[in-house]
Structure formats: C-alpha cells, structure tokens
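Below is one structure, written out as structure tokens, with a few remarks after it.
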Amino acid sequence: MGAPLTPEKVVDRVLISDEEIQNRVRELGREITADHVGRDVRLVTVLRGGLFFLADLCRAVDLPLQVDFMAVSSYLGGRPGVVRITKDLDDPIEGAAVIVVEDIVDTGLTLNYILRMLKGRRPASLEVCALLDKDVRRIVDLPIAYRGFSIPDKFVVGYGLDLQGFYRNLPFVATVRDEALQEVL
Ligand code: IMP
C-alpha cells in the first residue's frame, strides 16, 4: 500500500464545520447534564470512532461521571448486525445511567446489537447519544435520546469517522470525493 491520499484529495465538501460540531456538543452536554443530576452516569463508547466525540462530550457534561470503552468487529460473512465483542467494558453497569456515545448511526444494526447486550446487564437506564444520524439508511428502529445532526446518505469522514483507518483526526465532518471512494472500496 502506498502513502494515503492527502485530505485535500479525499474531502469533497465540509458538511459540518469544527465550530458547528463544538457548539452542538456543548448543547448536548447541557441537555445530558440537566437530565442526569444525581445519577451514576457512565458514558460508554465503541472504539475507535466514538472516542473523539466522547472526549469532547464528557467535558461538556457538568456532572461527576465515568467513561468506559468497548470494541466490536463484524463477523466476516456472518449475519448482518451480529458483531463480536473484541474488548468489553471494564466495569459492571448494573444500576448505572448508561449513555452509549456513538459517532454515527447508519443502519443501526451494530448499535442494536450492543444495546441488547448492555440491557441484559441491568443498567438503571440505557440511552443513546449519537453525533450523526443517517436516518434514511436505518434498518432497525432505535431510540436516540440525544442527536447531534441528521445527515444525508453520503459517506463522511472526520471527527472520528474514517476511510480505511485514515482521516479520523480531521476536526470537521466532510463528504468524500467519488474518486477517493472508488480507489478504496
Ligand atoms: P451501522 O451498524 O450500519 O449503524 O454501522 C455503523 C458503523 O458504520 C459506524 O460506527 C461507522 O463505523 C460505520 N459508518 C457508517 N457510515 C459511515 C460513514 O459515512 N463514514 C465512516 N464510517 C461509517
């Protein structure tokens, strides 16, 4: 594999700017704060994409809280929506107010699987905070308590979202040029 394409060759259009993201994250943080006073709050995210959103969001929540991480991978050739846990949460969540923090919800299959699994651990509440919602692609209906932005059915990179592992560190969310997509997909 050669050097990755530079962001200039990959980015088609900035869909959500750095400033828009930061403003919305602050609003979501205020909402979560108001709704969770006095609770045992756990912000839980799925590596690696959700890490960037979680890092900003947890600092916008003005409450004592804990963060925890999990990682999943899809079973190659397996049933869609069935995922394998490659890293589980470190702490039990029984009785906690759990908020699953996601960078993007697309078909919803991955998140649906994760929510069902976490529900079995008997948290006091289980909610979702998603920065981006590609709702037109949804296959399973999911309750999203906190939503950053609804976006169209376009492949996006930045702010945690990747194309073959790259471009997560872009501070904005951008659509990808067709030529760049064709080169890798
Ligand atoms: P779902 O199970 O279809 O909802 O898959 C969600 C996962 O697909 C996300 O956590 C992302 O890793 C990935 N994904 C979906 N859409 C995009 C995109 O536009 N850019 C980058 N990754 C995406």
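Here, A, B, ... name the chains of the structure tokens in the order displayed, residue numbers run from 1 inside each chain, and ligands are numbered from 1 in the same displayed order.
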
task = Output as a VMD selection string all residues of chain A that backbone DSSP marks as alpha helix (DSSP H).
result = chain A and resid 7 to 10 18 to 35 50 to 60 109 to 119 178 to 184

Residues just named, written with N, CA and C atoms as a short mmCIF file (atom, residue, chain, number, x, y, z; two decimals), in the first residue's frame:
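Output file part-v4.cif follows:
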data_model
loop_
_atom_site.label_atom_id
_atom_site.label_comp_id
_atom_site.auth_asym_id
_atom_site.auth_seq_id
_atom_site.Cartn_x
_atom_site.Cartn_y
_atom_site.Cartn_z
N PRO A 7 -5.78 14.77 2.77
CA PRO A 7 -7.17 15.17 2.97
C PRO A 7 -7.71 16.01 1.81
N GLU A 8 -6.88 16.83 1.20
CA GLU A 8 -7.35 17.67 0.08
C GLU A 8 -7.86 16.82 -1.08
N LYS A 9 -7.26 15.64 -1.25
CA LYS A 9 -7.69 14.76 -2.36
C LYS A 9 -8.91 13.94 -1.99
N VAL A 10 -9.21 13.86 -0.70
CA VAL A 10 -10.30 13.00 -0.24
C VAL A 10 -11.59 13.79 0.04
N ASP A 18 -15.99 22.54 12.21
CA ASP A 18 -15.44 22.37 13.55
C ASP A 18 -16.28 23.16 14.56
N GLU A 19 -16.57 24.42 14.21
CA GLU A 19 -17.31 25.29 15.13
C GLU A 19 -18.75 24.78 15.37
N GLU A 20 -19.40 24.34 14.28
CA GLU A 20 -20.76 23.81 14.43
C GLU A 20 -20.76 22.57 15.32
N ILE A 21 -19.76 21.71 15.14
CA ILE A 21 -19.69 20.50 15.98
C ILE A 21 -19.51 20.90 17.44
N GLN A 22 -18.56 21.80 17.70
CA GLN A 22 -18.28 22.16 19.09
C GLN A 22 -19.49 22.82 19.76
N ASN A 23 -20.20 23.66 19.02
CA ASN A 23 -21.40 24.29 19.58
C ASN A 23 -22.46 23.25 19.92
N ARG A 24 -22.66 22.32 19.01
CA ARG A 24 -23.68 21.28 19.23
C ARG A 24 -23.27 20.37 20.39
N VAL A 25 -21.99 20.05 20.48
CA VAL A 25 -21.52 19.19 21.58
C VAL A 25 -21.79 19.88 22.92
N ARG A 26 -21.57 21.20 22.97
CA ARG A 26 -21.85 21.93 24.22
C ARG A 26 -23.34 21.87 24.57
N GLU A 27 -24.21 22.01 23.53
CA GLU A 27 -25.65 21.92 23.79
C GLU A 27 -26.03 20.53 24.30
N LEU A 28 -25.50 19.50 23.64
CA LEU A 28 -25.81 18.13 24.08
C LEU A 28 -25.33 17.91 25.50
N GLY A 29 -24.16 18.44 25.81
CA GLY A 29 -23.61 18.32 27.17
C GLY A 29 -24.53 18.96 28.19
N ARG A 30 -25.08 20.12 27.84
CA ARG A 30 -26.00 20.80 28.76
C ARG A 30 -27.27 19.98 28.96
N GLU A 31 -27.80 19.40 27.86
CA GLU A 31 -29.02 18.57 27.97
C GLU A 31 -28.77 17.35 28.85
N ILE A 32 -27.65 16.69 28.61
CA ILE A 32 -27.33 15.48 29.39
C ILE A 32 -27.16 15.85 30.86
N THR A 33 -26.51 16.98 31.12
CA THR A 33 -26.32 17.44 32.50
C THR A 33 -27.68 17.62 33.18
N ALA A 34 -28.57 18.36 32.51
CA ALA A 34 -29.87 18.66 33.12
C ALA A 34 -30.67 17.38 33.40
N ASP A 35 -30.52 16.38 32.53
CA ASP A 35 -31.32 15.16 32.65
C ASP A 35 -30.75 14.12 33.62
N GLY A 50 -15.90 6.52 18.08
CA GLY A 50 -16.64 7.29 19.07
C GLY A 50 -15.76 8.04 20.07
N LEU A 51 -14.48 7.67 20.07
CA LEU A 51 -13.54 8.23 21.05
C LEU A 51 -13.44 9.75 20.99
N PHE A 52 -13.48 10.29 19.80
CA PHE A 52 -13.27 11.74 19.60
C PHE A 52 -14.48 12.52 20.14
N PHE A 53 -15.66 12.04 19.80
CA PHE A 53 -16.89 12.66 20.28
C PHE A 53 -16.98 12.53 21.80
N LEU A 54 -16.69 11.35 22.31
CA LEU A 54 -16.75 11.13 23.76
C LEU A 54 -15.83 12.10 24.50
N ALA A 55 -14.63 12.29 23.97
CA ALA A 55 -13.65 13.13 24.65
C ALA A 55 -14.17 14.56 24.79
N ASP A 56 -14.81 15.08 23.76
CA ASP A 56 -15.37 16.44 23.84
C ASP A 56 -16.65 16.46 24.67
N LEU A 57 -17.52 15.45 24.44
CA LEU A 57 -18.82 15.44 25.12
C LEU A 57 -18.67 15.35 26.64
N CYS A 58 -17.77 14.49 27.11
CA CYS A 58 -17.68 14.30 28.57
C CYS A 58 -17.23 15.59 29.24
N ARG A 59 -16.47 16.42 28.51
CA ARG A 59 -16.03 17.69 29.11
C ARG A 59 -17.11 18.76 29.03
N ALA A 60 -18.18 18.48 28.29
CA ALA A 60 -19.31 19.42 28.22
C ALA A 60 -20.41 19.04 29.21
N LEU A 109 -27.73 -1.47 12.92
CA LEU A 109 -27.59 -2.89 13.28
C LEU A 109 -26.55 -3.10 14.39
N THR A 110 -25.42 -2.41 14.26
CA THR A 110 -24.36 -2.58 15.26
C THR A 110 -24.85 -2.11 16.63
N LEU A 111 -25.41 -0.91 16.63
CA LEU A 111 -25.86 -0.34 17.89
C LEU A 111 -26.99 -1.16 18.51
N ASN A 112 -27.86 -1.67 17.68
CA ASN A 112 -28.95 -2.51 18.17
C ASN A 112 -28.41 -3.72 18.91
N TYR A 113 -27.41 -4.33 18.36
CA TYR A 113 -26.79 -5.49 18.99
C TYR A 113 -26.17 -5.10 20.35
N ILE A 114 -25.46 -3.98 20.34
CA ILE A 114 -24.78 -3.53 21.56
C ILE A 114 -25.81 -3.18 22.65
N LEU A 115 -26.88 -2.51 22.25
CA LEU A 115 -27.89 -2.13 23.24
C LEU A 115 -28.55 -3.36 23.86
N ARG A 116 -28.83 -4.34 23.02
CA ARG A 116 -29.47 -5.55 23.56
C ARG A 116 -28.55 -6.24 24.57
N MET A 117 -27.26 -6.25 24.22
CA MET A 117 -26.30 -6.89 25.11
C MET A 117 -26.18 -6.14 26.44
N LEU A 118 -26.10 -4.80 26.34
CA LEU A 118 -25.94 -3.99 27.56
C LEU A 118 -27.19 -4.04 28.44
N LYS A 119 -28.34 -4.12 27.80
CA LYS A 119 -29.60 -4.17 28.55
C LYS A 119 -29.64 -5.38 29.49
N ASP A 178 -15.90 11.11 -4.98
CA ASP A 178 -16.17 9.80 -5.60
C ASP A 178 -14.89 9.07 -5.98
N GLU A 179 -13.92 9.83 -6.52
CA GLU A 179 -12.67 9.19 -6.95
C GLU A 179 -11.95 8.54 -5.78
N ALA A 180 -11.98 9.20 -4.61
CA ALA A 180 -11.30 8.64 -3.43
C ALA A 180 -12.03 7.39 -2.94
N LEU A 181 -13.37 7.42 -3.01
CA LEU A 181 -14.14 6.25 -2.59
C LEU A 181 -13.89 5.07 -3.51
N GLN A 182 -13.86 5.36 -4.84
CA GLN A 182 -13.65 4.29 -5.81
C GLN A 182 -12.28 3.64 -5.65
N GLU A 183 -11.32 4.45 -5.22
CA GLU A 183 -9.97 3.93 -5.08
C GLU A 183 -9.85 2.88 -3.97
N VAL A 184 -10.68 3.04 -2.94
CA VAL A 184 -10.54 2.14 -1.79
C VAL A 184 -11.65 1.11 -1.66
#

Per-residue nearest contacts region 16-135 of chain A to region 161-177 of chain A, cut-off 7 Å, using only C-alpha atoms, as CSV:
residue,atom,partner,partner_atom,distance
A:Ile16,CA,A:Val173,CA,5.1
A:Ser17,CA,A:Phe172,CA,4.9
A:Asp18,CA,A:Phe172,CA,4.6
A:Gly49,CA,A:Leu161,CA,5.5

Would you save the residues of that selection, restricted to all heavy atoms, as a PDB file, in the first residue's frame?
ATOM      1  N   ILE A  16     -20.168  19.595   8.102  1.00  0.00           N
ATOM      2  CA  ILE A  16     -20.367  20.215   9.424  1.00  0.00           C
ATOM      3  C   ILE A  16     -19.012  20.729   9.888  1.00  0.00           C
ATOM      4  O   ILE A  16     -18.051  19.954   9.993  1.00  0.00           O
ATOM      5  CB  ILE A  16     -20.941  19.196  10.436  1.00  0.00           C
ATOM      6  CG1 ILE A  16     -22.154  18.460   9.850  1.00  0.00           C
ATOM      7  CG2 ILE A  16     -21.318  19.902  11.734  1.00  0.00           C
ATOM      8  CD1 ILE A  16     -22.608  17.267  10.654  1.00  0.00           C
ATOM      9  N   SER A  17     -18.942  22.031  10.143  1.00  0.00           N
ATOM     10  CA  SER A  17     -17.649  22.635  10.487  1.00  0.00           C
ATOM     11  C   SER A  17     -17.268  22.305  11.932  1.00  0.00           C
ATOM     12  O   SER A  17     -18.109  21.927  12.749  1.00  0.00           O
ATOM     13  CB  SER A  17     -17.717  24.150  10.307  1.00  0.00           C
ATOM     14  OG  SER A  17     -18.531  24.704  11.321  1.00  0.00           O
ATOM     15  N   ASP A  18     -15.991  22.537  12.208  1.00  0.00           N
ATOM     16  CA  ASP A  18     -15.439  22.365  13.547  1.00  0.00           C
ATOM     17  C   ASP A  18     -16.285  23.156  14.561  1.00  0.00           C
ATOM     18  O   ASP A  18     -16.688  22.643  15.612  1.00  0.00           O
ATOM     19  CB  ASP A  18     -13.998  22.916  13.473  1.00  0.00           C
ATOM     20  CG  ASP A  18     -13.234  22.743  14.758  1.00  0.00           C
ATOM     21  OD1 ASP A  18     -13.767  22.123  15.677  1.00  0.00           O
ATOM     22  OD2 ASP A  18     -12.103  23.250  14.823  1.00  0.00           O
ATOM     23  N   GLY A  49     -14.073   5.003  16.491  1.00  0.00           N
ATOM     24  CA  GLY A  49     -14.639   6.253  16.001  1.00  0.00           C
ATOM     25  C   GLY A  49     -15.264   7.138  17.075  1.00  0.00           C
ATOM     26  O   GLY A  49     -15.152   8.359  17.032  1.00  0.00           O
TER      27      GLY A  49
END

task = Mind giving me the straight-line distance from CA of Gly148 (chain A) to CA of Val72 (chain A) in Å, one decimal?
result =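 Between these atoms lies a distance of 22.8 Å.
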
Quick one: which region 23-100 of chain A residues come within 6 Å of region 123-135 of chain A, and what is the nearest atom pair for each with the distance in Å to one decimal, counting only C-alpha atoms, rows ordered by chain and ascending number, as JSON lines?
{"residue": "A:Ile93", "atom": "CA", "partner": "A:Pro123", "partner_atom": "CA", "distance": 5.4}
{"residue": "A:Glu94", "atom": "CA", "partner": "A:Pro123", "partner_atom": "CA", "distance": 4.3}
{"residue": "A:Gly95", "atom": "CA", "partner": "A:Ala124", "partner_atom": "CA", "distance": 4.4}
{"residue": "A:Ala96", "atom": "CA", "partner": "A:Pro123", "partner_atom": "CA", "distance": 5.0}
{"residue": "A:Ala97", "atom": "CA", "partner": "A:Ser125", "partner_atom": "CA", "distance": 4.8}
{"residue": "A:Val98", "atom": "CA", "partner": "A:Leu126", "partner_atom": "CA", "distance": 4.9}
{"residue": "A:Ile99", "atom": "CA", "partner": "A:Glu127", "partner_atom": "CA", "distance": 4.7}
{"residue": "A:Val100", "atom": "CA", "partner": "A:Val128", "partner_atom": "CA", "distance": 4.8}

May I have the selected residues written with N, CA and C atoms, as a short mmCIF file (atom, residue, chain, number, x, y, z; two decimals), in the first residue's frame?
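File out.cif, as written:
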data_model
loop_
_atom_site.label_atom_id
_atom_site.label_comp_id
_atom_site.auth_asym_id
_atom_site.auth_seq_id
_atom_site.Cartn_x
_atom_site.Cartn_y
_atom_site.Cartn_z
N ILE A 93 -22.20 -2.40 34.82
CA ILE A 93 -23.07 -1.22 34.64
C ILE A 93 -24.41 -1.39 35.37
N GLU A 94 -24.55 -2.44 36.14
CA GLU A 94 -25.82 -2.65 36.84
C GLU A 94 -26.16 -1.43 37.69
N GLY A 95 -27.37 -0.92 37.52
CA GLY A 95 -27.84 0.22 38.32
C GLY A 95 -27.35 1.58 37.83
N ALA A 96 -26.53 1.61 36.79
CA ALA A 96 -25.97 2.89 36.33
C ALA A 96 -26.84 3.52 35.24
N ALA A 97 -26.68 4.84 35.09
CA ALA A 97 -27.35 5.55 33.99
C ALA A 97 -26.37 5.56 32.81
N VAL A 98 -26.57 4.61 31.91
CA VAL A 98 -25.61 4.41 30.83
C VAL A 98 -26.04 5.18 29.58
N ILE A 99 -25.10 5.92 29.02
CA ILE A 99 -25.34 6.60 27.75
C ILE A 99 -24.30 6.08 26.76
N VAL A 100 -24.80 5.43 25.72
CA VAL A 100 -23.89 4.94 24.68
C VAL A 100 -23.63 6.09 23.71
#

key: Nearest-residue call for ligand 1, choices A:Thr45, A:Thr6, A:Thr107, A:Thr86, using only C-alpha atoms and all ligand atoms   = A:Thr107

key: Exercise: Lys87 (chain A) partners within 10 Å, only C-alpha atoms, chain neighbours under 2 positions left out, as a PyMOL selection string   = chain A and resi 46-47+69-73+84-85+89-90

ask   = For ligand 1, which of A:Val41, A:Leu65, A:Leu5, A:Val82 is the closest residue, counting only C-alpha atoms and all ligand atoms?
value =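 Looking at the shortest contact to ligand 1, the residue is A:Val82.
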
task = Kindly indicate which residue among A:Arg121, A:Val105, A:Pro4, A:Phe155 lies nearest to Ile139 (chain A), using only C-alpha atoms for the distances.
result = A:Val105

key: Between CA of Arg137 (chain A) and CA of Ser74 (chain A), distance in Å (one decimal)   = 18.2 Å

message = I'd like the interatomic distance between CA of Lys154 (chain A) and CA of Ala3 (chain A), to a tenth of an Å.
response = 24.6 Å

Gly108 (chain A) surroundings by only C-alpha atoms, 8 Å radius, close-in-sequence under 5 positions cut, as a PDB file with N, CA and C atoms, in the first residue's frame:
ATOM      1  N   ARG A 138     -31.664   3.710   7.993  1.00  0.00           N
ATOM      2  CA  ARG A 138     -31.954   2.877   9.161  1.00  0.00           C
ATOM      3  C   ARG A 138     -32.705   1.606   8.796  1.00  0.00           C
ATOM      4  N   ILE A 139     -32.254   0.481   9.337  1.00  0.00           N
ATOM      5  CA  ILE A 139     -32.948  -0.801   9.148  1.00  0.00           C
ATOM      6  C   ILE A 139     -33.700  -1.177  10.422  1.00  0.00           C
ATOM      7  N   VAL A 140     -33.056  -0.960  11.570  1.00  0.00           N
ATOM      8  CA  VAL A 140     -33.759  -1.236  12.837  1.00  0.00           C
ATOM      9  C   VAL A 140     -34.053   0.073  13.546  1.00  0.00           C
ATOM     10  N   ASP A 141     -35.237   0.140  14.116  1.00  0.00           N
ATOM     11  CA  ASP A 141     -35.666   1.352  14.795  1.00  0.00           C
ATOM     12  C   ASP A 141     -34.973   1.442  16.156  1.00  0.00           C
ATOM     13  N   LEU A 142     -34.291   2.569  16.392  1.00  0.00           N
ATOM     14  CA  LEU A 142     -33.571   2.740  17.652  1.00  0.00           C
ATOM     15  C   LEU A 142     -33.971   4.046  18.304  1.00  0.00           C
TER      16      LEU A 142
END

query = How would you write, as a list of chain:residue names, the set of residues in region 118-182 of chain A that DSSP gives as strand (DSSP E or B)?
reply = A:Ser125, A:Leu126, A:Glu127, A:Val128, A:Cys129, A:Ala130, A:Leu131, A:Leu132, A:Asp133, A:Tyr146, A:Arg147, A:Gly148, A:Phe149, A:Ser150, A:Val156, A:Val157, A:Gly158, A:Leu161, A:Leu163, A:Phe166, A:Val173, A:Ala174, A:Thr175, A:Val176
